[in-house]
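Here's protein-v1.pdb, which has PDB, C-alpha atoms:
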ATOM      1  CA  MET A   1       6.588  28.013   3.862
ATOM      2  CA  THR A   2       7.394  27.723   7.549
ATOM      3  CA  GLY A   3       6.155  25.539  10.346
ATOM      4  CA  PRO A   4       6.444  21.828  11.143
ATOM      5  CA  ARG A   5       6.717  19.447   8.200
ATOM      6  CA  ASP A   6       5.327  15.953   7.667
ATOM      7  CA  GLY A   7       8.530  14.531   6.199
ATOM      8  CA  VAL A   8       8.002  12.046   3.369
ATOM      9  CA  VAL A   9       4.379  11.638   2.256
ATOM     10  CA  ALA A  10       3.397   8.526   0.271
ATOM     11  CA  GLY A  11       0.128   8.408  -1.631
ATOM     12  CA  VAL A  12      -1.375   4.911  -1.972
ATOM     13  CA  SER A  13      -4.205   3.569  -4.110
ATOM     14  CA  GLY A  14      -6.345   0.479  -3.878
ATOM     15  CA  ALA A  15      -6.352   0.016  -7.663
ATOM     16  CA  HIS A  16      -2.914  -1.618  -7.757
ATOM     17  CA  PRO A  17      -2.003  -2.930  -4.268
ATOM     18  CA  GLU A  18       1.313  -4.422  -5.428
ATOM     19  CA  VAL A  19       2.393  -1.035  -6.795
ATOM     20  CA  SER A  20       1.357   0.718  -3.589
ATOM     21  CA  ALA A  21       3.391  -1.754  -1.523
ATOM     22  CA  HIS A  22       6.501  -1.014  -3.579
ATOM     23  CA  VAL A  23       5.869   2.747  -3.353
ATOM     24  CA  VAL A  24       5.497   2.581   0.426
ATOM     25  CA  GLY A  25       8.696   0.553   0.761
ATOM     26  CA  TRP A  26      10.639   3.029  -1.383
ATOM     27  CA  ALA A  27       9.192   6.001   0.517
ATOM     28  CA  ALA A  28      10.018   4.361   3.849
ATOM     29  CA  ASP A  29      13.636   3.800   2.808
ATOM     30  CA  GLU A  30      13.793   7.411   1.641
ATOM     31  CA  ALA A  31      12.446   8.640   4.977
ATOM     32  CA  VAL A  32      14.993   6.571   6.896
ATOM     33  CA  ALA A  33      17.872   7.824   4.730
ATOM     34  CA  ARG A  34      16.796  11.429   5.264
ATOM     35  CA  GLY A  35      16.016  11.012   8.958
ATOM     36  CA  LEU A  36      12.385  12.020   8.410
ATOM     37  CA  PRO A  37       9.006  10.585   9.451
ATOM     38  CA  LEU A  38       6.685   8.912   6.936
ATOM     39  CA  ARG A  39       3.051   9.807   6.401
ATOM     40  CA  ILE A  40       0.886   7.504   4.263
ATOM     41  CA  VAL A  41      -2.194   9.036   2.630
ATOM     42  CA  HIS A  42      -5.099   7.359   0.855
ATOM     43  CA  ALA A  43      -7.783   9.455  -0.834
ATOM     44  CA  GLN A  44     -11.289   8.045  -1.102
ATOM     45  CA  ASP A  45     -13.325   9.628  -3.885
ATOM     46  CA  TRP A  46     -16.910   8.878  -2.883
ATOM     47  CA  PRO A  47     -19.290   8.119  -5.776
ATOM     48  CA  ARG A  48     -22.369  10.263  -6.297
ATOM     49  CA  GLY A  49     -25.216   9.213  -4.030
ATOM     50  CA  THR A  50     -22.955   7.941  -1.269
ATOM     51  CA  SER A  51     -21.543   9.700   1.759
ATOM     52  CA  PRO A  52     -18.785   9.074   4.308
ATOM     53  CA  ASP A  53     -21.291  10.163   6.945
ATOM     54  CA  ALA A  54     -24.182   7.936   5.840
ATOM     55  CA  GLY A  55     -26.175   6.945   8.934
ATOM     56  CA  PRO A  56     -28.059   3.681   9.534
ATOM     57  CA  ASP A  57     -31.147   5.079   7.781
ATOM     58  CA  HIS A  58     -29.250   6.013   4.615
ATOM     59  CA  PRO A  59     -29.796   3.622   1.650
ATOM     60  CA  ALA A  60     -26.029   3.430   1.061
ATOM     61  CA  HIS A  61     -25.106   2.913   4.719
ATOM     62  CA  VAL A  62     -23.821  -0.661   4.372
ATOM     63  CA  TRP A  63     -21.943   0.068   1.138
ATOM     64  CA  SER A  64     -20.390   3.213   2.621
ATOM     65  CA  LYS A  65     -19.316   1.313   5.716
ATOM     66  CA  HIS A  66     -17.522  -1.302   3.605
ATOM     67  CA  PHE A  67     -15.994   1.372   1.381
ATOM     68  CA  ARG A  68     -14.529   3.099   4.428
ATOM     69  CA  ALA A  69     -13.320  -0.209   5.852
ATOM     70  CA  ASN A  70     -11.491  -1.000   2.599
ATOM     71  CA  GLY A  71      -9.616   2.283   2.840
ATOM     72  CA  GLU A  72      -8.655   1.660   6.439
ATOM     73  CA  SER A  73      -7.476  -1.860   5.576
ATOM     74  CA  LEU A  74      -5.322  -0.488   2.767
ATOM     75  CA  LEU A  75      -3.615   1.906   5.175
ATOM     76  CA  THR A  76      -3.121  -0.834   7.772
ATOM     77  CA  ASP A  77      -1.332  -2.961   5.168
ATOM     78  CA  ALA A  78       0.742   0.037   4.056
ATOM     79  CA  ARG A  79       1.816   0.778   7.608
ATOM     80  CA  ARG A  80       2.868  -2.856   8.034
ATOM     81  CA  VAL A  81       5.026  -2.646   4.889
ATOM     82  CA  ALA A  82       6.616   0.624   6.006
ATOM     83  CA  SER A  83       7.406  -0.612   9.509
ATOM     84  CA  ALA A  84       8.916  -3.934   8.435
ATOM     85  CA  ASP A  85      12.654  -3.950   9.269
ATOM     86  CA  ARG A  86      12.447  -0.231  10.093
ATOM     87  CA  PRO A  87      11.600  -0.160  13.828
ATOM     88  CA  ALA A  88      12.826   3.400  14.338
ATOM     89  CA  LEU A  89      10.725   4.912  11.521
ATOM     90  CA  ALA A  90       7.827   7.078  12.706
ATOM     91  CA  VAL A  91       4.792   6.217  10.544
ATOM     92  CA  THR A  92       1.378   7.908  10.497
ATOM     93  CA  THR A  93      -1.587   7.301   8.179
ATOM     94  CA  GLU A  94      -4.444   9.439   6.881
ATOM     95  CA  LEU A  95      -7.683   8.390   5.212
ATOM     96  CA  ALA A  96      -8.954  11.494   3.404
ATOM     97  CA  ASP A  97     -12.170  12.145   1.511
ATOM     98  CA  GLY A  98     -11.968  13.643  -1.975
ATOM     99  CA  ARG A  99     -10.226  13.344  -5.315
ATOM    100  CA  ALA A 100      -6.657  12.115  -5.143
ATOM    101  CA  ALA A 101      -5.164  15.169  -6.882
ATOM    102  CA  ARG A 102      -6.803  17.588  -4.432
ATOM    103  CA  VAL A 103      -5.917  15.526  -1.354
ATOM    104  CA  LEU A 104      -2.297  15.022  -2.417
ATOM    105  CA  ARG A 105      -1.837  18.664  -3.402
ATOM    106  CA  ALA A 106      -2.962  19.648   0.099
ATOM    107  CA  ALA A 107      -0.626  17.058   1.652
ATOM    108  CA  ALA A 108       2.293  18.442  -0.353
ATOM    109  CA  GLU A 109       1.946  21.813   1.370
ATOM    110  CA  SER A 110       3.540  20.376   4.513
ATOM    111  CA  ALA A 111       5.696  17.636   2.929
ATOM    112  CA  ASP A 112       9.424  17.421   2.269
ATOM    113  CA  LEU A 113       8.775  14.903  -0.504
ATOM    114  CA  LEU A 114       5.607  13.485  -2.076
ATOM    115  CA  VAL A 115       5.930   9.893  -3.347
ATOM    116  CA  LEU A 116       3.464   8.332  -5.797
ATOM    117  CA  GLY A 117       3.348   5.190  -7.881
ATOM    118  CA  GLY A 118       4.444   5.336 -11.502
ATOM    119  CA  ARG A 119       3.642   3.150 -14.483
ATOM    120  CA  ARG A 120       5.837   2.773 -17.558
ATOM    121  CA  LEU A 121       3.995   3.135 -20.857
ATOM    122  CA  THR A 122       5.305   2.309 -24.305
ATOM    123  CA  GLY A 123       4.178   2.585 -27.923
ATOM    124  CA  VAL A 124       0.744   3.998 -28.689
ATOM    125  CA  GLU A 125      -0.273   3.799 -25.029
ATOM    126  CA  GLY A 126       2.627   6.052 -24.068
ATOM    127  CA  ALA A 127       2.062   8.499 -26.927
ATOM    128  CA  PHE A 128      -1.394   9.358 -25.645
ATOM    129  CA  ALA A 129      -0.646   9.237 -21.918
ATOM    130  CA  GLY A 130      -2.068  12.110 -19.934
ATOM    131  CA  GLY A 131      -4.729  13.105 -17.481
ATOM    132  CA  SER A 132      -3.255  11.122 -14.603
ATOM    133  CA  THR A 133      -2.878  12.365 -11.046
ATOM    134  CA  ALA A 134       0.872  12.665 -11.625
ATOM    135  CA  HIS A 135       0.334  14.852 -14.696
ATOM    136  CA  SER A 136      -2.034  17.159 -12.837
ATOM    137  CA  LEU A 137       0.437  17.589  -9.956
ATOM    138  CA  ALA A 138       3.768  17.782 -11.822
ATOM    139  CA  GLY A 139       5.231  21.266 -11.688
ATOM    140  CA  HIS A 140       2.497  22.588  -9.395
ATOM    141  CA  LEU A 141       3.702  21.478  -5.977
ATOM    142  CA  PRO A 142       5.735  23.312  -3.322
ATOM    143  CA  CYS A 143       7.771  20.151  -2.637
ATOM    144  CA  PRO A 144       9.585  17.585  -4.809
ATOM    145  CA  MET A 145       7.476  14.756  -6.235
ATOM    146  CA  ALA A 146       8.853  11.226  -6.748
ATOM    147  CA  LEU A 147       7.155   8.825  -9.165
ATOM    148  CA  VAL A 148       8.178   5.254  -8.401
ATOM    149  CA  PRO A 149       7.625   2.548 -11.054
ATOM    150  CA  GLN A 150       7.957  -1.159 -10.514
ATOM    151  CA  PRO A 151      11.653  -1.854  -9.883
ATOM    152  CA  ALA A 152      13.863  -2.685 -12.851
ATOM    153  CA  ALA A 153      15.869  -5.876 -12.547
ATOM    154  CA  GLY A 154      19.618  -5.702 -12.208
ATOM    155  CA  VAL A 155      19.976  -2.170 -10.817
ATOM    156  CA  PRO A 156      22.327  -2.335  -7.791
ATOM    157  CA  ASP A 157      21.759  -0.418  -4.565
ATOM    158  CA  TYR A 158      24.876   1.622  -5.266
ATOM    159  CA  ALA A 159      23.587   2.886  -8.640
ATOM    160  CA  PRO A 160      24.140   6.654  -9.001
ATOM    161  CA  VAL A 161      21.665   9.477  -8.827
ATOM    162  CA  VAL A 162      21.312  11.057 -12.295
ATOM    163  CA  VAL A 163      20.326  14.713 -12.688
ATOM    164  CA  GLY A 164      19.423  16.631 -15.840
ATOM    165  CA  VAL A 165      21.166  20.006 -16.079
ATOM    166  CA  ASP A 166      20.544  22.841 -18.533
ATOM    167  CA  GLY A 167      21.695  25.966 -16.717
ATOM    168  CA  SER A 168      18.179  27.252 -15.995
ATOM    169  CA  SER A 169      16.992  28.222 -12.526
ATOM    170  CA  SER A 170      14.813  25.114 -12.524
ATOM    171  CA  SER A 171      17.786  22.821 -13.093
ATOM    172  CA  HIS A 172      19.679  24.537 -10.267
ATOM    173  CA  VAL A 173      16.838  23.524  -7.946
ATOM    174  CA  ALA A 174      17.130  19.997  -9.377
ATOM    175  CA  LEU A 175      20.871  20.007  -8.671
ATOM    176  CA  ASP A 176      20.306  20.994  -5.049
ATOM    177  CA  LEU A 177      17.845  18.120  -4.689
ATOM    178  CA  ALA A 178      20.048  15.615  -6.539
ATOM    179  CA  TYR A 179      23.096  16.344  -4.372
ATOM    180  CA  ALA A 180      21.007  15.987  -1.220
ATOM    181  CA  GLU A 181      19.577  12.718  -2.556
ATOM    182  CA  ALA A 182      23.034  11.336  -3.375
ATOM    183  CA  ALA A 183      24.332  12.370   0.044
ATOM    184  CA  ALA A 184      21.422  10.681   1.840
ATOM    185  CA  ALA A 185      21.826   7.472  -0.182
ATOM    186  CA  LYS A 186      25.646   7.608  -0.042
ATOM    187  CA  VAL A 187      25.996   7.071  -3.805
ATOM    188  CA  ASP A 188      27.659   8.859  -6.731
ATOM    189  CA  LEU A 189      26.071  11.588  -8.848
ATOM    190  CA  VAL A 190      25.970  11.819 -12.647
ATOM    191  CA  ALA A 191      25.118  15.218 -14.166
ATOM    192  CA  VAL A 192      23.734  14.940 -17.699
ATOM    193  CA  GLU A 193      23.338  17.786 -20.161
ATOM    194  CA  VAL A 194      21.445  17.039 -23.352
ATOM    195  CA  ARG A 195      21.904  19.206 -26.420
ATOM    196  CA  ARG A 196      19.919  18.950 -29.603
ATOM    197  CA  PRO A 197      22.279  18.373 -32.530
ATOM    198  CA  ARG A 198      21.439  21.713 -34.138
ATOM    199  CA  ASP A 199      22.449  23.566 -30.968
ATOM    200  CA  TYR A 200      26.184  23.103 -31.590
ATOM    201  CA  THR A 201      27.866  25.977 -33.413
ATOM    202  CA  TRP A 202      31.462  26.857 -34.274
ATOM    203  CA  ALA A 203      31.431  29.136 -31.238
ATOM    204  CA  GLU A 204      30.106  26.437 -28.893
ATOM    205  CA  LEU A 205      31.776  23.081 -29.312
ATOM    206  CA  PRO A 206      31.082  20.095 -27.011
ATOM    207  CA  GLU A 207      34.346  20.790 -25.166
ATOM    208  CA  ASP A 208      33.114  24.259 -24.275
ATOM    209  CA  THR A 209      29.815  22.829 -23.100
ATOM    210  CA  GLU A 210      31.649  20.447 -20.770
ATOM    211  CA  LEU A 211      33.579  23.347 -19.299
ATOM    212  CA  ASN A 212      30.306  25.221 -18.708
ATOM    213  CA  LEU A 213      28.789  22.199 -16.956
ATOM    214  CA  ALA A 214      31.898  21.806 -14.798
ATOM    215  CA  GLU A 215      31.534  25.452 -13.818
ATOM    216  CA  VAL A 216      27.936  24.886 -12.747
ATOM    217  CA  LEU A 217      28.945  21.899 -10.597
ATOM    218  CA  SER A 218      32.024  23.497  -9.043
ATOM    219  CA  GLY A 219      30.029  25.359  -6.420
ATOM    220  CA  TYR A 220      28.773  22.117  -4.895
ATOM    221  CA  SER A 221      32.131  20.463  -4.218
ATOM    222  CA  GLU A 222      32.685  22.283  -0.910
ATOM    223  CA  ARG A 223      29.185  21.476   0.338
ATOM    224  CA  TYR A 224      29.367  17.814  -0.709
ATOM    225  CA  PRO A 225      33.054  16.842  -0.662
ATOM    226  CA  ASP A 226      32.323  13.115  -0.277
ATOM    227  CA  ILE A 227      30.169  12.789  -3.402
ATOM    228  CA  ALA A 228      31.931  11.566  -6.553
ATOM    229  CA  VAL A 229      30.496  13.471  -9.526
ATOM    230  CA  SER A 230      30.804  12.672 -13.221
ATOM    231  CA  GLN A 231      29.549  14.627 -16.228
ATOM    232  CA  GLU A 232      27.960  13.477 -19.463
ATOM    233  CA  ILE A 233      27.253  15.668 -22.499
ATOM    234  CA  LEU A 234      24.776  13.864 -24.747
ATOM    235  CA  SER A 235      23.003  14.767 -27.965
ATOM    236  CA  GLY A 236      19.400  14.137 -28.993
ATOM    237  CA  ARG A 237      15.866  14.811 -27.826
ATOM    238  CA  PRO A 238      16.074  15.585 -24.083
ATOM    239  CA  ALA A 239      13.190  13.370 -22.939
ATOM    240  CA  VAL A 240      14.334  10.402 -25.038
ATOM    241  CA  VAL A 241      17.980  10.701 -23.992
ATOM    242  CA  LEU A 242      17.211  11.134 -20.298
ATOM    243  CA  ALA A 243      14.806   8.185 -20.355
ATOM    244  CA  SER A 244      17.523   6.040 -21.929
ATOM    245  CA  VAL A 245      19.909   6.525 -18.991
ATOM    246  CA  THR A 246      17.385   5.572 -16.306
ATOM    247  CA  GLY A 247      18.091   1.861 -16.654
ATOM    248  CA  ARG A 248      21.391   2.363 -14.819
ATOM    249  CA  ALA A 249      20.256   4.960 -12.263
ATOM    250  CA  ARG A 250      19.052   4.881  -8.686
ATOM    251  CA  CYS A 251      16.750   7.740  -9.605
ATOM    252  CA  LEU A 252      16.496  10.569 -12.152
ATOM    253  CA  VAL A 253      16.094  14.152 -10.917
ATOM    254  CA  VAL A 254      14.789  16.860 -13.260
ATOM    255  CA  GLY A 255      13.508  20.397 -12.931
ATOM    256  CA  SER A 256       9.888  21.371 -13.389
ATOM    257  CA  ARG A 257      10.567  23.532 -16.421
ATOM    258  CA  GLY A 258      13.380  25.391 -18.169
ATOM    259  CA  LEU A 259      13.817  28.731 -19.874
ATOM    260  CA  GLY A 260      13.074  27.760 -23.460
ATOM    261  CA  GLY A 261      15.413  27.636 -26.446
ATOM    262  CA  PHE A 262      18.563  25.546 -26.449
ATOM    263  CA  ARG A 263      19.410  26.637 -22.891
ATOM    264  CA  GLY A 264      16.030  25.374 -21.671
ATOM    265  CA  MET A 265      16.439  21.618 -21.902
ATOM    266  CA  LEU A 266      14.139  20.730 -19.023
ATOM    267  CA  LEU A 267      10.945  22.273 -20.303
ATOM    268  CA  GLY A 268       7.672  21.361 -18.715
ATOM    269  CA  SER A 269       7.009  19.129 -21.727
ATOM    270  CA  THR A 270      10.240  17.194 -21.104
ATOM    271  CA  SER A 271       9.570  16.455 -17.437
ATOM    272  CA  ARG A 272       5.984  15.504 -18.288
ATOM    273  CA  ALA A 273       7.138  13.230 -21.112
ATOM    274  CA  LEU A 274       9.353  11.405 -18.603
ATOM    275  CA  ILE A 275       6.497  10.669 -16.202
ATOM    276  CA  HIS A 276       5.594   7.365 -17.889
ATOM    277  CA  HIS A 277       8.899   6.525 -19.552
ATOM    278  CA  THR A 278      11.555   6.058 -16.860
ATOM    279  CA  GLU A 279      12.808   2.723 -15.565
ATOM    280  CA  CYS A 280      13.845   4.198 -12.206
ATOM    281  CA  PRO A 281      12.091   6.579  -9.799
ATOM    282  CA  LEU A 282      11.647  10.043 -11.315
ATOM    283  CA  ILE A 283      11.994  12.994  -8.908
ATOM    284  CA  ILE A 284      10.614  16.286 -10.200
ATOM    285  CA  ALA A 285      12.003  19.282  -8.329
ATOM    286  CA  PRO A 286       9.620  22.111  -7.413
ATOM    287  CA  LEU A 287       9.765  25.286  -9.473
ATOM    288  CA  HIS A 288      11.368  27.115  -6.555
ATOM    289  CA  GLY A 289      13.535  25.425  -3.927
ATOM    290  CA  ARG A 290      12.498  25.568  -0.291
TER     291      ARG A 290
END
Could you show the structure in this file as structure tokens?
Amino acid sequence: MTGPRDGVVAGVSGAHPEVSAHVVGWAADEAVARGLPLRIVHAQDWPRGTSPDAGPDHPAHVWSKHFRANGESLLTDARRVASADRPALAVTTELADGRAARVLRAAAESADLLVLGGRRLTGVEGAFAGGSTAHSLAGHLPCPMALVPQPAAGVPDYAPVVVGVDGSSSSHVALDLAYAEAAAAKVDLVAVEVRRPRDYTWAELPEDTELNLAEVLSGYSERYPDIAVSQEILSGRPAVVLASVTGRARCLVVGSRGLGGFRGMLLGSTSRALIHHTECPLIIAPLHGR
């Protein structure tokens, strides 16, 4: 897609104001690091029987007026959070009518990065998670999507960017994004490949796997000579293993989906399983890089 871009787009909700404030702050820092503007979007899904254009004679006029005012107040607060200590950041806001998934999908068409709030789920709650705005958008956007949970305690600012790698075209897009993220944040990069235990054969030992991963990463050293890169070959279920490393990461970058089989670690199911189970921001790369 060509044409002017909106930079970083942050979607905010009135349901959890404290989460939205953290999301806006993270998105603002991301915009500053990338040298991009920030656009804050709030979608108002009007209940049946109400209208954003209700005139004085409409029965729901007063309610609609307050509903609109609440949305505008939310954006005013978000702008204040984004601008705090960031005087050079260009910030715009948009109050849009419609369901959040539709509004945010449209916003992603002209975004470099879409940032939404995330919520960690565990136990039975996590096992049946689904149907959220994040789930409906993951893997279907033309730009990367970042899901930002409440910050984990004890993670330093210099924590590395972690990227999941499996050799698929999707993970190559994730690598491009992860290197750019590490360069913008001026931090190290950790490339993680997860293999299921049954994938190892006499012809493919862990040492060979490490050599293959090093080969994948070698092409980036000239483009990003200042980034220190380390490699980790881990064994287990991809979603579980990747979630376990997020407690020491600045963010986790994964592809939208892989190729299937043991070379397709980052399947759509894996990236979706991570949506509610990471301790750090999760960045899902688009299916095809821009």
Take atom CA of A:Cys280 and atom CA of A:Cys251 and report the distance between them in Å, one decimal.
->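 About the pair atom CA of A:Cys280 and atom CA of A:Cys251: they are 5.3 Å apart.
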Check what the PyMOL selection byres ((chain A and resi 39) around 6) selects in the file above and give those residues as a list in words.
-> Val9, Leu38, Ile40, Val91, Thr92 and Thr93 of chain A
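Nearest residue to A:Gln231 among A:Gly11, A:Gly247, A:Pro142, A:Gly164 is A:Gly164, counting all atoms listed in the file.
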Record the distance separating atom CA of A:Ile233 and atom CA of A:Ala214, expressed in Å with one decimal.
-> 10.9 Å
Protein/DNA/RNA residues near (21.5, 22.4, -5.1), cut 10 Å, all atoms listed in the file, as number ranges by chain | A: 171-180, 217, 219-220, 223, 289
Out of A:Leu274, A:Val115, A:Ala138, A:Ala101, which residue has the shortest atom-to-atom distance to A:Ala243 when counting all atoms listed in the file?
-> A:Leu274
Evaluating the PyMOL selection byres ((chain A and resi 71) around 9) on the displayed file yields which residues, as a list in words?
->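 Given this file, the PyMOL selection byres ((chain A and resi 71) around 9) evaluates to Ser13, Gly14, His42, Ala43, Gln44, His66, Phe67, Arg68, Ala69, Asn70, Glu72, Ser73, Leu74, Leu75, Thr76 and Leu95 of chain A.
Every polymer residue reaching to within 12 Å of (6.4, 6.1, 12.6), counting only C-alpha atoms, appears in this list: Asp6, Gly7, Val8, Val9, Ala28, Ala31, Val32, Gly35, Leu36, Pro37, Leu38, Arg39, Ile40, Ala78, Arg79, Arg80, Val81, Ala82, Ser83, Ala84, Arg86, Pro87, Ala88, Leu89, Ala90, Val91, Thr92 and Thr93 of chain A.
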So what do you get for atom CA of A:Glu18 versus atom CA of A:Gly118, distance-wise?
->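 Atom CA of A:Glu18 sits 11.9 Å away from atom CA of A:Gly118.
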Minimum-distance residue to A:Pro286, chosen among A:Val216, A:Met145, A:Leu116, A:Ser136 (using all atoms listed in the file) =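 Among A:Val216, A:Met145, A:Leu116, A:Ser136, it is A:Met145 that comes nearest to A:Pro286.
Each of A:Arg34, A:His277, A:Arg99, A:His135 was checked against A:Ala184 using all atoms listed in the file; the smallest atom-to-atom distance is that of A:Arg34.
Distance annotation: of A:Asn212, A:Ser110, A:Ser132, A:Ser168, the residue with the minimal separation from A:Leu147 is A:Ser132; atom set is all atoms listed in the file.
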Go through the shown structure with the PyMOL selection byres ((chain A and resi 140) around 12) and write out the matching residues as JSON, numbers by chain.
-> {"A": [101, 102, 104, 105, 106, 108, 109, 133, 134, 135, 136, 137, 138, 139, 141, 142, 143, 144, 145, 255, 256, 257, 268, 272, 284, 285, 286, 287, 288]}
7 Å contact set for A:Ala191, only C-alpha atoms, chain neighbours under 2 positions out, as a ChimeraX atom specification | /A:162-165,189,193,230-232
Contacts of A:Gly117 within 12 Å, only C-alpha atoms, excl. fewer than 5 positions in-chain, as a short mmCIF file (atom, residue, chain, number, x, y, z; two decimals) with C-alpha atoms, keeping the file's coordinate frame:
data_model
loop_
_atom_site.label_atom_id
_atom_site.label_comp_id
_atom_site.auth_asym_id
_atom_site.auth_seq_id
_atom_site.Cartn_x
_atom_site.Cartn_y
_atom_site.Cartn_z
CA ALA A 10 3.40 8.53 0.27
CA GLY A 11 0.13 8.41 -1.63
CA VAL A 12 -1.38 4.91 -1.97
CA SER A 13 -4.20 3.57 -4.11
CA GLY A 14 -6.34 0.48 -3.88
CA ALA A 15 -6.35 0.02 -7.66
CA HIS A 16 -2.91 -1.62 -7.76
CA PRO A 17 -2.00 -2.93 -4.27
CA GLU A 18 1.31 -4.42 -5.43
CA VAL A 19 2.39 -1.03 -6.80
CA SER A 20 1.36 0.72 -3.59
CA ALA A 21 3.39 -1.75 -1.52
CA HIS A 22 6.50 -1.01 -3.58
CA VAL A 23 5.87 2.75 -3.35
CA VAL A 24 5.50 2.58 0.43
CA GLY A 25 8.70 0.55 0.76
CA TRP A 26 10.64 3.03 -1.38
CA ALA A 27 9.19 6.00 0.52
CA SER A 132 -3.26 11.12 -14.60
CA THR A 133 -2.88 12.36 -11.05
CA ALA A 134 0.87 12.66 -11.62
CA MET A 145 7.48 14.76 -6.24
CA ALA A 146 8.85 11.23 -6.75
CA LEU A 147 7.16 8.82 -9.16
CA VAL A 148 8.18 5.25 -8.40
CA PRO A 149 7.62 2.55 -11.05
CA GLN A 150 7.96 -1.16 -10.51
CA PRO A 151 11.65 -1.85 -9.88
CA ILE A 275 6.50 10.67 -16.20
CA HIS A 276 5.59 7.36 -17.89
CA CYS A 280 13.84 4.20 -12.21
CA PRO A 281 12.09 6.58 -9.80
CA LEU A 282 11.65 10.04 -11.32
CA ILE A 283 11.99 12.99 -8.91
#
Hey, could you pull the box centre and edge lengths for stretch 274-290 of chain A, axis-aligned, 4 Å padding per side, all listed atoms, to one decimal in Å, as JSON?
{"center_x": 9.7, "center_y": 14.9, "center_z": -9.9, "size_x": 16.3, "size_y": 32.4, "size_z": 27.3}
